[in-house]
>>> print(open('upload-v3.cif').read())   # mmCIF, C-alpha atoms and all ligand atoms
data_my_file
#
loop_
_atom_site.label_atom_id
_atom_site.label_comp_id
_atom_site.auth_asym_id
_atom_site.auth_seq_id
_atom_site.Cartn_x
_atom_site.Cartn_y
_atom_site.Cartn_z
CA MET V 1 23.33 5.50 52.46
CA TYR V 2 24.55 9.03 53.22
CA SER V 3 27.73 9.66 51.28
CA GLU V 4 29.77 12.66 50.20
CA ASN V 5 32.45 10.69 48.41
CA ARG V 6 31.73 7.17 47.13
CA THR V 7 35.41 6.40 46.41
CA ASP V 8 36.45 7.31 49.95
CA ASP V 9 33.61 5.24 51.33
CA ALA V 10 34.62 2.22 49.23
CA LYS V 11 38.23 2.54 50.48
CA ARG V 12 36.99 2.91 54.04
CA PHE V 13 34.88 -0.23 53.62
CA MET V 14 37.77 -2.31 52.25
CA LYS V 15 40.19 -1.21 54.97
CA ALA V 16 37.70 -1.84 57.75
CA TRP V 17 36.66 -5.20 56.31
CA MET V 18 40.28 -6.41 56.10
CA SER V 19 41.06 -5.40 59.67
CA ASP V 20 37.80 -7.05 60.78
CA CYS V 21 39.06 -10.30 59.26
CA ILE V 22 42.19 -10.02 61.46
CA ALA V 23 39.99 -9.36 64.51
CA HIS V 24 37.87 -12.38 63.59
CA PHE V 25 40.58 -14.94 62.92
CA VAL V 26 43.44 -13.68 65.14
CA PRO V 27 41.77 -11.63 67.91
CA ARG V 28 44.87 -11.51 70.14
CA LEU V 29 46.95 -10.12 67.28
CA TYR V 30 44.26 -7.51 66.60
CA VAL V 31 44.26 -6.42 70.25
CA ARG V 32 48.07 -6.22 70.21
CA LEU V 33 48.31 -4.35 66.90
CA THR V 34 45.73 -1.79 67.93
CA ALA V 35 47.13 -1.50 71.50
CA GLN V 36 43.64 -1.15 72.87
CA THR V 37 43.13 0.20 76.36
CA GLY V 38 39.35 0.58 76.27
CA ARG V 39 39.74 4.33 76.89
CA GLY V 40 40.33 5.49 73.33
CA GLY V 41 43.60 6.29 71.60
CA ALA V 42 44.75 9.37 73.52
CA GLU V 43 48.07 9.17 75.37
CA GLU V 44 47.38 9.35 79.09
CA SER V 45 49.58 9.65 82.15
CA VAL V 46 49.33 7.28 85.12
CA GLN V 47 47.75 10.11 87.09
CA GLN V 48 45.12 10.79 84.40
CA ILE V 49 44.12 7.14 84.16
CA ALA V 50 43.87 6.78 87.95
CA ASP V 51 41.82 10.01 88.12
CA TYR V 52 39.52 8.63 85.41
CA PHE V 53 38.86 5.50 87.48
CA ARG V 54 38.24 7.52 90.65
CA LYS V 55 35.81 9.76 88.76
CA CYS V 56 33.95 6.77 87.28
CA PHE V 57 33.79 5.07 90.68
CA TYR V 58 32.19 8.06 92.41
CA GLU V 59 29.82 8.70 89.50
CA TYR V 60 28.25 5.26 89.91
CA PHE V 61 27.35 6.10 93.50
CA GLN V 62 26.13 9.59 92.61
CA MET V 63 23.75 7.96 90.14
CA LEU V 64 22.58 5.65 92.91
CA ASN V 65 22.13 8.63 95.28
CA ILE V 66 24.70 7.22 97.67
CA ALA V 67 26.90 9.82 99.38
CA PRO V 68 30.66 9.08 99.57
CA ASP V 69 30.46 8.19 103.26
CA GLY V 70 27.65 5.72 102.50
CA ILE V 71 29.71 3.74 99.97
CA PRO V 72 31.37 1.28 102.41
CA GLY V 73 27.99 0.48 103.99
CA PHE V 74 26.44 -0.08 100.57
CA LEU V 75 29.26 -2.29 99.26
CA LYS V 76 29.83 -4.34 102.41
CA ASN V 77 29.64 -8.06 101.57
CA LYS V 78 28.28 -7.36 98.09
CA ARG V 79 29.34 -9.41 95.13
CA ILE V 80 29.93 -7.34 92.02
CA LEU V 81 30.07 -8.01 88.30
CA GLU V 82 31.68 -5.61 85.84
CA TYR V 83 31.37 -6.01 82.10
CA GLY V 84 34.26 -4.75 79.98
CA PRO V 85 36.79 -3.24 82.40
CA GLY V 86 39.23 -2.24 79.62
CA ASN V 87 42.93 -2.89 80.21
CA ILE V 88 43.03 -2.24 83.97
CA THR V 89 40.61 -3.49 86.61
CA GLY V 90 40.90 -0.17 88.42
CA ILE V 91 37.23 0.25 89.33
CA GLY V 92 37.22 -3.34 90.55
CA LEU V 93 40.09 -2.51 92.92
CA LEU V 94 38.18 0.49 94.30
CA MET V 95 34.97 -1.54 94.70
CA TYR V 96 36.91 -4.16 96.64
CA ALA V 97 38.74 -1.57 98.72
CA TYR V 98 35.44 0.02 99.72
CA GLY V 99 34.03 -3.26 101.00
CA ALA V 100 32.82 -5.47 98.14
CA GLU V 101 33.20 -9.16 98.91
CA GLN V 102 34.44 -9.98 95.42
CA VAL V 103 34.49 -8.35 91.99
CA ILE V 104 34.16 -10.46 88.85
CA CYS V 105 35.18 -8.77 85.61
CA VAL V 106 34.17 -10.28 82.31
CA ASP V 107 35.30 -9.18 78.87
CA ARG V 108 35.01 -10.37 75.32
CA PHE V 109 38.58 -9.33 74.57
CA PRO V 110 41.73 -10.06 76.61
CA LEU V 111 42.61 -6.41 77.22
CA VAL V 112 43.91 -6.55 80.80
CA SER V 113 47.68 -6.55 80.95
CA MET V 114 50.09 -6.00 83.80
CA THR V 115 52.43 -3.54 82.10
CA GLN V 116 54.52 -1.28 84.34
CA LYS V 117 52.20 1.63 83.53
CA ASN V 118 49.11 -0.34 84.51
CA ILE V 119 50.80 -1.51 87.70
CA ASP V 120 51.62 2.14 88.48
CA VAL V 121 47.95 3.04 87.99
CA LEU V 122 46.91 0.37 90.50
CA HIS V 123 49.57 1.70 92.88
CA ASP V 124 48.21 5.21 92.54
CA LEU V 125 44.66 4.03 93.24
CA MET V 126 45.86 2.13 96.31
CA ASP V 127 48.21 4.86 97.58
CA LYS V 128 45.51 7.55 97.55
CA LEU V 129 43.29 5.49 99.85
CA SER V 130 43.54 5.55 103.61
CA GLY V 131 42.44 3.58 106.66
CA GLU V 132 40.25 0.52 106.13
CA GLN V 133 40.04 1.08 102.34
CA ARG V 134 43.83 1.25 101.96
CA CYS V 135 44.19 -1.90 104.01
CA ARG V 136 41.63 -3.77 101.90
CA ALA V 137 43.23 -2.55 98.65
CA GLU V 138 46.61 -3.89 99.82
CA GLN V 139 45.02 -7.24 100.68
CA ALA V 140 43.58 -7.53 97.17
CA PHE V 141 46.99 -8.57 95.83
CA ASN V 142 48.75 -11.92 96.05
CA LYS V 143 51.65 -10.16 97.77
CA VAL V 144 50.15 -7.62 100.14
CA GLY V 145 50.39 -4.10 98.70
CA ASP V 146 52.12 -5.24 95.50
CA PRO V 147 49.99 -4.86 92.34
CA ALA V 148 52.70 -6.57 90.26
CA SER V 149 51.92 -9.84 92.09
CA GLY V 150 48.39 -9.86 90.62
CA PHE V 151 44.99 -10.02 92.30
CA THR V 152 44.06 -12.82 94.65
CA SER V 153 41.28 -14.98 93.25
CA HIS V 154 38.96 -14.03 96.11
CA SER V 155 39.30 -10.28 95.48
CA ILE V 156 39.11 -9.68 91.74
CA LYS V 157 38.53 -12.31 89.09
CA TYR V 158 39.09 -11.48 85.43
CA ARG V 159 37.46 -13.72 82.85
CA VAL V 160 37.61 -13.50 79.09
CA GLN V 161 34.67 -15.16 77.33
CA LYS V 162 34.14 -15.17 73.60
CA SER V 163 30.50 -14.28 74.22
CA GLY V 164 31.40 -11.54 76.71
CA LEU V 165 28.86 -13.12 79.07
CA SER V 166 29.38 -14.08 82.72
CA GLY V 167 27.26 -17.24 82.77
CA LEU V 168 26.58 -16.56 86.48
CA VAL V 169 23.30 -17.51 88.11
CA LYS V 170 21.86 -15.42 90.98
CA ASP V 171 25.38 -14.75 92.13
CA VAL V 172 25.90 -10.98 92.28
CA ASP V 173 24.28 -7.97 93.95
CA VAL V 174 25.51 -5.19 91.69
CA ILE V 175 26.40 -5.14 88.00
CA PHE V 176 28.06 -2.15 86.43
CA SER V 177 29.66 -1.10 83.18
CA ARG V 178 30.82 2.03 81.48
CA ALA V 179 31.11 2.50 77.73
CA VAL V 180 30.53 -1.24 77.20
CA LEU V 181 26.90 -1.98 76.30
CA GLU V 182 27.21 -0.05 73.04
CA HIS V 183 29.94 -2.54 72.08
CA VAL V 184 28.27 -5.84 72.90
CA ASN V 185 27.51 -7.99 69.89
CA ASP V 186 24.25 -9.42 71.26
CA LEU V 187 22.41 -6.93 73.46
CA ASP V 188 19.59 -9.37 74.13
CA ALA V 189 22.02 -12.02 75.38
CA THR V 190 23.87 -9.51 77.56
CA PHE V 191 20.66 -8.39 79.28
CA SER V 192 19.66 -12.05 79.77
CA ASP V 193 23.07 -12.70 81.30
CA MET V 194 22.55 -9.71 83.60
CA TYR V 195 19.14 -10.92 84.66
CA ASN V 196 20.43 -14.41 85.36
CA ALA V 197 23.53 -13.21 87.21
CA LEU V 198 21.70 -10.83 89.55
CA ARG V 199 20.32 -11.93 92.87
CA ASP V 200 16.66 -11.03 93.36
CA THR V 201 17.47 -7.79 95.18
CA GLY V 202 20.25 -6.87 92.77
CA ILE V 203 20.70 -3.75 90.69
CA ALA V 204 22.55 -2.95 87.49
CA ILE V 205 23.99 0.43 86.58
CA HIS V 206 25.45 1.29 83.21
CA GLN V 207 26.72 4.30 81.38
CA VAL V 208 26.25 3.91 77.65
CA ASP V 209 27.93 6.02 74.97
CA LEU V 210 25.91 6.11 71.74
CA LYS V 211 28.29 8.39 69.83
CA SER V 212 30.14 7.21 66.73
CA HIS V 213 33.46 6.47 68.51
CA GLY V 214 35.22 8.26 65.66
CA LEU V 215 33.53 6.16 62.98
CA HIS V 216 31.51 8.92 61.37
CA ARG V 217 32.57 10.80 58.30
CA LYS V 218 31.20 14.41 58.29
CA ASN V 219 27.99 14.27 60.27
CA PRO V 220 28.29 12.77 63.80
CA LEU V 221 25.27 10.57 63.05
CA ASP V 222 26.19 9.42 59.54
CA PHE V 223 27.58 6.11 60.88
CA LEU V 224 23.91 5.12 61.26
CA THR V 225 23.49 5.15 57.48
CA TRP V 226 25.80 2.22 56.62
CA PRO V 227 23.59 -0.78 55.80
CA SER V 228 23.65 -3.37 58.60
CA ARG V 229 25.41 -6.00 56.49
CA ALA V 230 28.21 -3.60 55.51
CA TRP V 231 28.60 -2.43 59.13
CA SER V 232 28.84 -6.00 60.32
CA LEU V 233 31.48 -6.89 57.71
CA MET V 234 33.49 -3.80 58.65
CA TYR V 235 33.25 -4.00 62.42
CA GLY V 236 31.50 -7.20 63.53
CA HIS V 237 34.51 -8.71 65.30
CA LYS V 238 36.21 -5.63 66.68
CA GLY V 239 33.80 -4.75 69.43
CA VAL V 240 33.09 -1.32 67.96
CA PRO V 241 29.62 0.19 68.43
CA ASN V 242 26.67 -2.05 67.66
CA ARG V 243 24.82 1.23 66.82
CA TRP V 244 21.70 0.32 68.80
CA ARG V 245 19.78 3.42 69.90
CA VAL V 246 17.95 3.90 73.17
CA ASP V 247 14.68 2.52 71.73
CA LYS V 248 16.31 -0.90 71.35
CA TYR V 249 17.51 -0.79 74.97
CA ARG V 250 13.98 0.03 76.14
CA GLN V 251 12.61 -2.96 74.23
CA VAL V 252 15.21 -5.38 75.56
CA ILE V 253 14.86 -4.14 79.15
CA ALA V 254 11.07 -4.52 79.01
CA LYS V 255 11.33 -7.97 77.43
CA LYS V 256 13.62 -9.24 80.19
CA GLY V 257 11.28 -7.91 82.88
CA PHE V 258 13.67 -5.45 84.48
CA GLN V 259 12.29 -2.46 86.32
CA VAL V 260 13.85 0.87 85.29
CA THR V 261 14.88 3.24 88.06
CA THR V 262 16.83 5.68 85.90
CA LEU V 263 17.11 6.13 82.15
CA SER V 264 18.45 9.59 81.43
CA PRO V 265 20.40 11.06 78.51
CA THR V 266 23.94 12.36 78.97
CA THR V 267 24.36 14.07 75.55
CA LEU V 268 21.93 15.04 72.79
CA ALA V 269 22.52 15.37 69.04
CA GLU V 270 22.03 18.62 67.13
CA GLU V 271 18.74 18.89 65.31
CA ALA V 272 20.43 19.87 62.04
CA ASP V 273 22.58 16.71 62.14
CA MET V 274 19.51 14.56 62.70
CA ARG V 275 17.64 16.22 59.84
CA ALA V 276 20.57 15.68 57.45
CA VAL V 277 20.87 11.92 58.08
CA ARG V 278 17.19 11.08 58.58
CA PRO V 279 16.45 10.23 54.90
CA TYR V 280 19.50 7.92 54.72
CA LEU V 281 19.20 5.95 57.97
CA ALA V 282 19.86 2.21 57.69
CA THR V 283 16.83 -0.06 58.01
CA PRO V 284 17.01 -0.76 61.78
CA PHE V 285 16.87 2.97 62.56
CA ARG V 286 14.25 4.17 60.09
CA GLY V 287 11.29 4.09 62.46
CA ILE V 288 13.05 5.81 65.35
CA SER V 289 11.52 8.97 66.81
CA ASP V 290 13.48 12.24 66.75
CA ALA V 291 13.57 12.19 70.54
CA ASP V 292 15.22 8.75 70.62
CA LEU V 293 17.56 9.52 67.71
CA SER V 294 18.83 12.54 69.62
CA TRP V 295 20.21 10.47 72.54
CA LEU V 296 23.98 10.18 72.22
CA GLY V 297 24.50 8.52 75.58
CA PHE V 298 22.64 7.66 78.75
CA TRP V 299 22.71 6.39 82.30
CA LEU V 300 20.68 3.32 83.08
CA VAL V 301 19.78 1.88 86.47
CA ILE V 302 17.60 -1.25 86.54
CA ASN V 303 16.60 -3.84 89.09
CA LYS V 304 14.80 -7.13 89.35
CA ALA V 305 12.52 -6.22 92.22
CA GLU V 306 8.88 -7.29 91.82
CA THR V 307 9.62 -9.13 88.60
CA GLN V 308 10.06 -12.65 89.84
CA SER V 309 6.97 -14.13 88.22
CA ALA V 310 7.52 -17.39 86.43
CA HIS V 311 6.17 -16.22 83.09
CA HIS V 312 9.33 -14.31 82.19
CA SER V 313 11.57 -16.35 79.96
CA ARG V 314 15.26 -15.46 80.38
CA SER V 315 16.80 -17.28 77.54
C1 LIG V 401 35.31 1.41 75.46
S1 LIG V 401 35.91 0.10 76.43
C2 LIG V 401 35.49 0.65 78.06
C3 LIG V 401 36.45 0.16 79.11
C4 LIG V 401 36.17 0.61 80.54
N1 LIG V 401 34.86 0.25 80.98
C5 LIG V 401 36.39 2.09 80.67
O1 LIG V 401 35.45 2.86 80.94
O2 LIG V 401 37.54 2.51 80.52
C6 LIG V 401 34.80 -1.22 76.09
C7 LIG V 401 35.10 -2.49 76.85
O3 LIG V 401 34.04 -3.43 76.58
C8 LIG V 401 34.60 -4.67 76.23
N2 LIG V 401 33.61 -5.45 75.45
C9 LIG V 401 33.33 -5.38 74.15
N3 LIG V 401 32.36 -6.25 73.82
C10 LIG V 401 32.01 -6.88 74.96
C11 LIG V 401 31.07 -7.90 75.29
N4 LIG V 401 30.29 -8.46 74.36
N5 LIG V 401 31.00 -8.27 76.59
C12 LIG V 401 31.79 -7.74 77.53
N6 LIG V 401 32.70 -6.78 77.27
C13 LIG V 401 32.81 -6.36 76.01
C14 LIG V 401 35.87 -4.28 75.50
O4 LIG V 401 36.77 -5.34 75.35
C15 LIG V 401 36.37 -3.19 76.43
O5 LIG V 401 37.00 -3.73 77.58
#
>>> encode(input="upload-v3.cif", output="structure tokens")
Amino acid sequence: MYSENRTDDAKRFMKAWMSDCIAHFVPRLYVRLTAQTGRGGAEESVQQIADYFRKCFYEYFQMLNIAPDGIPGFLKNKRILEYGPGNITGIGLLMYAYGAEQVICVDRFPLVSMTQKNIDVLHDLMDKLSGEQRCRAEQAFNKVGDPASGFTSHSIKYRVQKSGLSGLVKDVDVIFSRAVLEHVNDLDATFSDMYNALRDTGIAIHQVDLKSHGLHRKNPLDFLTWPSRAWSLMYGHKGVPNRWRVDKYRQVIAKKGFQVTTLSPTTLAEEADMRAVRPYLATPFRGISDADLSWLGFWLVINKAETQSAHHSRS
């Protein structure tokens, strides 16, 4: 393992292991103590959070080559699944406002909370819409136009599952997530869930962040040098990065029988950083090519088209 200070690393291990025990045995307490939002630790204003959701929403359609005025036509009557919305189902509200029939959000952790700040964010998202979209956003709530009353069950459903999986079968047309797949504990199971949940003409779009999420020491890639067992003891129940690189995603996608429309990197690592960690990489990453090691994030668009043959096992 790459290390510049063994004592610091031992302390880091002990601290992380103890907090992982809290996350394992009392997950709600862990979520409360760490005040997780899903968007990192930075203090954000209502406006900044709402802007983040609007940006993410439009980026999904840019990646799908759908112009803003084509969004309502695309979403009309579509059923949508989002993995890991964080603490506000803001993108879900926008998807519904723009025409989706229903949005189902599934998370492994119970992060969504209706605090006044989160209600204000939903207000901001709704208030900046107009016409048909504004009207639909208002109708998404139990009391029309009042986010504090909660979402109606036919607009946005929020489910917390220990597995993080939807369990749906051929039920949705579009699946999306942002900064989630790098957190899932069983990538294989999540892609199976996606395959099962999608209707035959469905598509899935994900943005994946392969950076360390603040868990590196000096070199941005040195978190890949902790042995798997140590990493799992430190972080296995907190939903922090599973560390899988893009090569693993390619394998899982191919195994499930998805067809890839887009797989493109968003950020690349420095060559010097890769060279410094290469001799110390943990076992699962030893055989990785330099090209794949360099990917620190990517966009992925996949679909089920032409892959309906019976020989694919989805379990
Ligand atoms: C970094 S946050 C991203 C939140 C949100 N998508 C955003 O962009 O603000 C990761 C989210 O994934 C969720 N998550 C972690 N493991 C998961 C799993 N196995 N299945 C579904 N969601 C999971 C977390 O609880 C959290 O909501």
>>> residues_around(input="upload-v3.cif", residues="stretch 276-282 of chain V", least_positions_apart="5", cutoff="7 Å", atoms="all atoms listed in the file", output="MDAnalysis selection string")
chainID V and resid 1:2 221:222 224:228
>>> write_last_selection(input="upload-v3.cif", atoms="C-alpha atoms", output="PDB file, in the frame of the given file")
ATOM      1  CA  MET V   1      23.330   5.500  52.460  1.00  0.00           C
ATOM      2  CA  TYR V   2      24.550   9.030  53.220  1.00  0.00           C
ATOM      3  CA  LEU V 221      25.270  10.570  63.050  1.00  0.00           C
ATOM      4  CA  ASP V 222      26.190   9.420  59.540  1.00  0.00           C
ATOM      5  CA  LEU V 224      23.910   5.120  61.260  1.00  0.00           C
ATOM      6  CA  THR V 225      23.490   5.150  57.480  1.00  0.00           C
ATOM      7  CA  TRP V 226      25.800   2.220  56.620  1.00  0.00           C
ATOM      8  CA  PRO V 227      23.590  -0.780  55.800  1.00  0.00           C
ATOM      9  CA  SER V 228      23.650  -3.370  58.600  1.00  0.00           C
TER      10      SER V 228
END
>>> closest_residue(input="upload-v3.cif", among="V:Lys128, V:Arg245, V:Lys76, V:His183", to="V:Ile288", atoms="all atoms listed in the file")
V:Arg245
>>> residues_near_ligand(input="upload-v3.cif", ligand="ligand LIG 401 (chain V)", cutoff="6 Å", atoms="only C-alpha atoms and all ligand atoms", output="list in words")
Gly38, Arg39, Tyr83, Gly84, Pro85, Gly86, Val106, Asp107, Arg108, Phe109, Ser163, Gly164, Leu165, Ser177, Arg178, Ala179, Val180, His183, Val184, Asn185 and Gly239 of chain V
>>> residues_around(input="upload-v3.cif", residues="stretch 131-134 of chain V", least_positions_apart="6", cutoff="8 Å", atoms="only C-alpha atoms", output="ChimeraX atom specification")
/V:97-99
>>> residues_around(input="upload-v3.cif", residues="V:Asp290", least_positions_apart="4", cutoff="10 Å", atoms="only C-alpha atoms", output="PyMOL selection string")
chain V and resi 269+271+274-275+278+294-295
>>> closest_atom_pairs(input="upload-v3.cif", of="stretch 25-94 of chain V", to="stretch 111-123 of chain V", cutoff="12 Å", atoms="all atoms listed in the file", output="CSV")
residue,atom,partner,partner_atom,distance
V:Pro27,CA,V:Leu111,CA,10.7
V:Arg28,CA,V:Leu111,CA,9.0
V:Leu29,CA,V:Leu111,CA,11.5
V:Tyr30,CA,V:Leu111,CA,10.8
V:Val31,CA,V:Leu111,CA,7.2
V:Arg32,CA,V:Leu111,CA,8.9
V:Leu33,CA,V:Leu111,CA,12.0
V:Thr34,CA,V:Leu111,CA,10.8
V:Ala35,CA,V:Leu111,CA,8.8
V:Gln36,CA,V:Leu111,CA,6.9
V:Thr37,CA,V:Leu111,CA,6.7
V:Gly38,CA,V:Leu111,CA,7.8
V:Arg39,CA,V:Leu111,CA,11.1
V:Glu43,CA,V:Lys117,CA,11.9
V:Glu44,CA,V:Lys117,CA,10.1
V:Ser45,CA,V:Lys117,CA,8.5
V:Val46,CA,V:Val121,CA,5.3
V:Gln47,CA,V:Val121,CA,7.1
V:Gln48,CA,V:Val121,CA,9.0
V:Ile49,CA,V:Val121,CA,6.8
V:Ala50,CA,V:Val121,CA,5.5
V:Asp51,CA,V:Val121,CA,9.3
V:Tyr52,CA,V:Val121,CA,10.4
V:Phe53,CA,V:Val121,CA,9.4
V:Arg54,CA,V:Val121,CA,11.0
V:Gly84,CA,V:Leu111,CA,8.9
V:Pro85,CA,V:Val112,CA,8.0
V:Gly86,CA,V:Leu111,CA,5.9
V:Asn87,CA,V:Val112,CA,3.8
V:Ile88,CA,V:Val112,CA,5.4
V:Thr89,CA,V:Val112,CA,7.3
V:Gly90,CA,V:Leu122,CA,6.4
V:Ile91,CA,V:Leu122,CA,9.8
V:Gly92,CA,V:Leu122,CA,10.4
V:Leu93,CA,V:Leu122,CA,7.8
V:Leu94,CA,V:Leu122,CA,9.5
>>> atom_distance(input="upload-v3.cif", atom1="atom CA of V:Phe57", atom2="atom CA of V:Ser192")
24.7 Å
>>> residues_around(input="upload-v3.cif", residues="V:Phe74", least_positions_apart="4", cutoff="9 Å", atoms="only C-alpha atoms", output="PDB file with C-alpha atoms, in the coordinates of the input")
ATOM      1  CA  ILE V  66      24.700   7.220  97.670  1.00  0.00           C
ATOM      2  CA  GLY V  70      27.650   5.720 102.500  1.00  0.00           C
ATOM      3  CA  LYS V  78      28.280  -7.360  98.090  1.00  0.00           C
ATOM      4  CA  GLY V  99      34.030  -3.260 101.000  1.00  0.00           C
ATOM      5  CA  ALA V 100      32.820  -5.470  98.140  1.00  0.00           C
TER       6      ALA V 100
END
>>> residues_around(input="upload-v3.cif", residues="V:Tyr96", least_positions_apart="6", cutoff="10 Å", atoms="all atoms listed in the file", output="list of chain:residue names")
V:Pro72, V:Leu75, V:Lys76, V:Asn77, V:Lys78, V:Arg79, V:Ile80, V:Gly90, V:Gln102, V:Val103, V:Gln133, V:Arg136, V:Ala137, V:Gln139, V:Ala140, V:Ser155, V:Ile156
>>> write_last_selection(input="upload-v3.cif", atoms="C-alpha atoms", output="PDB file, in the coordinates of the input")
ATOM      1  CA  PRO V  72      31.370   1.280 102.410  1.00  0.00           C
ATOM      2  CA  LEU V  75      29.260  -2.290  99.260  1.00  0.00           C
ATOM      3  CA  LYS V  76      29.830  -4.340 102.410  1.00  0.00           C
ATOM      4  CA  ASN V  77      29.640  -8.060 101.570  1.00  0.00           C
ATOM      5  CA  LYS V  78      28.280  -7.360  98.090  1.00  0.00           C
ATOM      6  CA  ARG V  79      29.340  -9.410  95.130  1.00  0.00           C
ATOM      7  CA  ILE V  80      29.930  -7.340  92.020  1.00  0.00           C
ATOM      8  CA  GLY V  90      40.900  -0.170  88.420  1.00  0.00           C
ATOM      9  CA  GLN V 102      34.440  -9.980  95.420  1.00  0.00           C
ATOM     10  CA  VAL V 103      34.490  -8.350  91.990  1.00  0.00           C
ATOM     11  CA  GLN V 133      40.040   1.080 102.340  1.00  0.00           C
ATOM     12  CA  ARG V 136      41.630  -3.770 101.900  1.00  0.00           C
ATOM     13  CA  ALA V 137      43.230  -2.550  98.650  1.00  0.00           C
ATOM     14  CA  GLN V 139      45.020  -7.240 100.680  1.00  0.00           C
ATOM     15  CA  ALA V 140      43.580  -7.530  97.170  1.00  0.00           C
ATOM     16  CA  SER V 155      39.300 -10.280  95.480  1.00  0.00           C
ATOM     17  CA  ILE V 156      39.110  -9.680  91.740  1.00  0.00           C
TER      18      ILE V 156
END
>>> closest_residue(input="upload-v3.cif", among="V:Ile203, V:Phe223, V:Gln251, V:Met234", to="V:Asn303", atoms="only C-alpha atoms")
V:Ile203
>>> atom_distance(input="upload-v3.cif", atom1="atom CA of V:Ile104", atom2="atom CA of V:Phe176")
10.6 Å
>>> atom_distance(input="upload-v3.cif", atom1="atom CA of V:Leu300", atom2="atom CA of V:Ser264")
6.9 Å
>>> closest_residue(input="upload-v3.cif", among="V:Arg217, V:Lys256, V:Arg243, V:Lys143", to="V:Glu182", atoms="all atoms listed in the file")
V:Arg243
>>> closest_residue(input="upload-v3.cif", among="V:Glu138, V:Thr266, V:Tyr58, V:Tyr195", to="V:Phe151", atoms="only C-alpha atoms")
V:Glu138
>>> closest_residue(input="upload-v3.cif", among="V:Thr262, V:Gln161, V:Asn219, V:Thr201", to="V:Asp173", atoms="only C-alpha atoms")
V:Thr201
>>> closest_residue(input="upload-v3.cif", among="V:Leu215, V:Ala272, V:Val240, V:Ile22", to="V:Asp9", atoms="all atoms listed in the file")
V:Leu215
>>> decode(input="upload-v3.cif", residues="stretch 12-23 of chain V", atoms="N, CA and C atoms", output="JSON list (two decimals), in the first residue's frame")
[["chain", "number", "residue", "atom", "x", "y", "z"],
["V", 12, "ARG", "N", -6.10, 6.82, 10.75],
["V", 12, "ARG", "CA", -7.17, 6.99, 9.77],
["V", 12, "ARG", "C", -8.02, 5.73, 9.66],
["V", 13, "PHE", "N", -7.34, 4.57, 9.67],
["V", 13, "PHE", "CA", -8.06, 3.30, 9.57],
["V", 13, "PHE", "C", -8.99, 3.12, 10.77],
["V", 14, "MET", "N", -8.46, 3.35, 11.99],
["V", 14, "MET", "CA", -9.25, 3.12, 13.20],
["V", 14, "MET", "C", -10.48, 4.04, 13.23],
["V", 15, "LYS", "N", -10.26, 5.31, 12.90],
["V", 15, "LYS", "CA", -11.36, 6.28, 12.92],
["V", 15, "LYS", "C", -12.44, 5.87, 11.91],
["V", 16, "ALA", "N", -12.00, 5.54, 10.72],
["V", 16, "ALA", "CA", -12.96, 5.19, 9.66],
["V", 16, "ALA", "C", -13.68, 3.89, 10.00],
["V", 17, "TRP", "N", -12.97, 2.95, 10.60],
["V", 17, "TRP", "CA", -13.59, 1.67, 10.93],
["V", 17, "TRP", "C", -14.67, 1.87, 12.00],
["V", 18, "MET", "N", -14.36, 2.72, 13.01],
["V", 18, "MET", "CA", -15.34, 2.94, 14.09],
["V", 18, "MET", "C", -16.60, 3.62, 13.53],
["V", 19, "SER", "N", -16.39, 4.62, 12.68],
["V", 19, "SER", "CA", -17.60, 5.29, 12.14],
["V", 19, "SER", "C", -18.35, 4.35, 11.19],
["V", 20, "ASP", "N", -17.63, 3.42, 10.56],
["V", 20, "ASP", "CA", -18.34, 2.46, 9.70],
["V", 20, "ASP", "C", -19.22, 1.54, 10.53],
["V", 21, "CYS", "N", -18.76, 1.23, 11.75],
["V", 21, "CYS", "CA", -19.59, 0.39, 12.63],
["V", 21, "CYS", "C", -20.89, 1.13, 12.96],
["V", 22, "ILE", "N", -20.81, 2.45, 13.18],
["V", 22, "ILE", "CA", -22.04, 3.22, 13.46],
["V", 22, "ILE", "C", -22.95, 3.15, 12.22],
["V", 23, "ALA", "N", -22.34, 3.36, 11.04],
["V", 23, "ALA", "CA", -23.16, 3.32, 9.81],
["V", 23, "ALA", "C", -23.80, 1.94, 9.61]]
